[in-house]
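Just below is one structure, and these are the notes that go with it.
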Amino acid sequence: MANYNWGFDYPMTACGDQNSNQYKFVQCASGGTNGRFELATGGSNPAPVGVLQDDPESLNTGAVRILGVTKLMADAEGTAIGYGDWLVCGSVGMAVATTTGSNINAMALEALASGSGVYITALLLPGAGGNMGDNVP
């Protein structure tokens, strides 16, 4: 049985309506407004700040999980996600598997053979980086 209730949530203010972004990666808002967040993209600077745990409307406070275990929307259409795979933020805030790069955002605690917009359990690894060949963050 999955347990998504372990972690540290940080309150941040939503830039725009976030009702369709629950359990996706979010990033600090562009424009340098302190304490605000928006949906993350694959080009987040340099990585998402965390995973949105609720669905706040514009300028309301949302809970952003920055550390711990979380429910996470994933995309395995291009590449299957295996248990223990490293995850990064895709273009629309969903987790995708990676074997290259240095800005790992999470580790999959569940496998996903295919599908997009499917929830998995993941361990957040904020700011992790390293050698993908060694499978060490």
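Naming scheme: A, B, ... for chains in displayed order of the structure tokens; residues 1 onward per chain; ligands 1 onward as shown.
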Residues within 10 Å of Ala29 (chain A), only C-alpha atoms, excluding chain neighbours under 2 positions, as a list in words: Thr13, Ala14, Cys15, Val26, Gln27, Gly31, Gly32, Thr33, Asn34, Gly35, Arg36, Phe37, Glu38, Leu39, Ala40 and Ser44 of chain A
Taking C-alpha atoms for each residue, export the selection above as a JSON list (two decimals), in the first residue's frame.
```
[["chain", "number", "residue", "atom", "x", "y", "z"],
["A", 13, "THR", "CA", 2.05, 31.23, -3.51],
["A", 14, "ALA", "CA", 0.68, 30.06, -6.85],
["A", 15, "CYS", "CA", 1.33, 32.09, -9.99],
["A", 26, "VAL", "CA", 6.83, 23.02, -9.81],
["A", 27, "GLN", "CA", 9.57, 25.64, -9.99],
["A", 31, "GLY", "CA", 10.41, 37.16, -12.68],
["A", 32, "GLY", "CA", 12.03, 36.72, -9.27],
["A", 33, "THR", "CA", 8.90, 37.15, -7.11],
["A", 34, "ASN", "CA", 9.83, 35.68, -3.73],
["A", 35, "GLY", "CA", 7.74, 32.77, -2.48],
["A", 36, "ARG", "CA", 5.83, 32.13, -5.73],
["A", 37, "PHE", "CA", 5.80, 29.02, -7.88],
["A", 38, "GLU", "CA", 4.61, 27.86, -11.31],
["A", 39, "LEU", "CA", 4.52, 24.61, -13.26],
["A", 40, "ALA", "CA", 8.02, 23.31, -13.92],
["A", 44, "SER", "CA", 13.69, 24.45, -14.82]]
```
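When only C-alpha atoms are used to compute distances to Ala113 (chain A), the closest of the residues A:Gly62, A:Pro126, A:Gly82, A:Gly93 turns out to be A:Gly82.
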For a test of reading the model, state the distance in Å between CA of Thr61 (chain A) and CA of Ser116 (chain A), rounded to one decimal. 27.3 Å
Could you name the residues that touch region 75-80 of chain A at 7 Å or less, counting only C-alpha atoms, but leaving out those on the same chain fewer than 5 positions away, as a list in words? Met94, Ala95, Val96, Ala97, Leu112, Ala113, Ser114, Gly115, Ser116, Gly117 and Val118 of chain A
Out of chain A, which residues get strand (DSSP E) from DSSP, as an MDAnalysis selection string? chainID A and resid 7:14 25:28 36:39 50:52 61:75 86:89 95:98 104:108 116:128
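Take the candidates A:Pro48, A:Thr41, A:Val64, A:Tyr23 and check each one against Ala122 (chain A) using only C-alpha atoms; the shortest distance goes to A:Tyr23.
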Determine the nearest neighbour of Leu109 (chain A) from the options A:Ala47, A:Ala74, A:Val92, A:Met12, counting only C-alpha atoms. A:Ala74
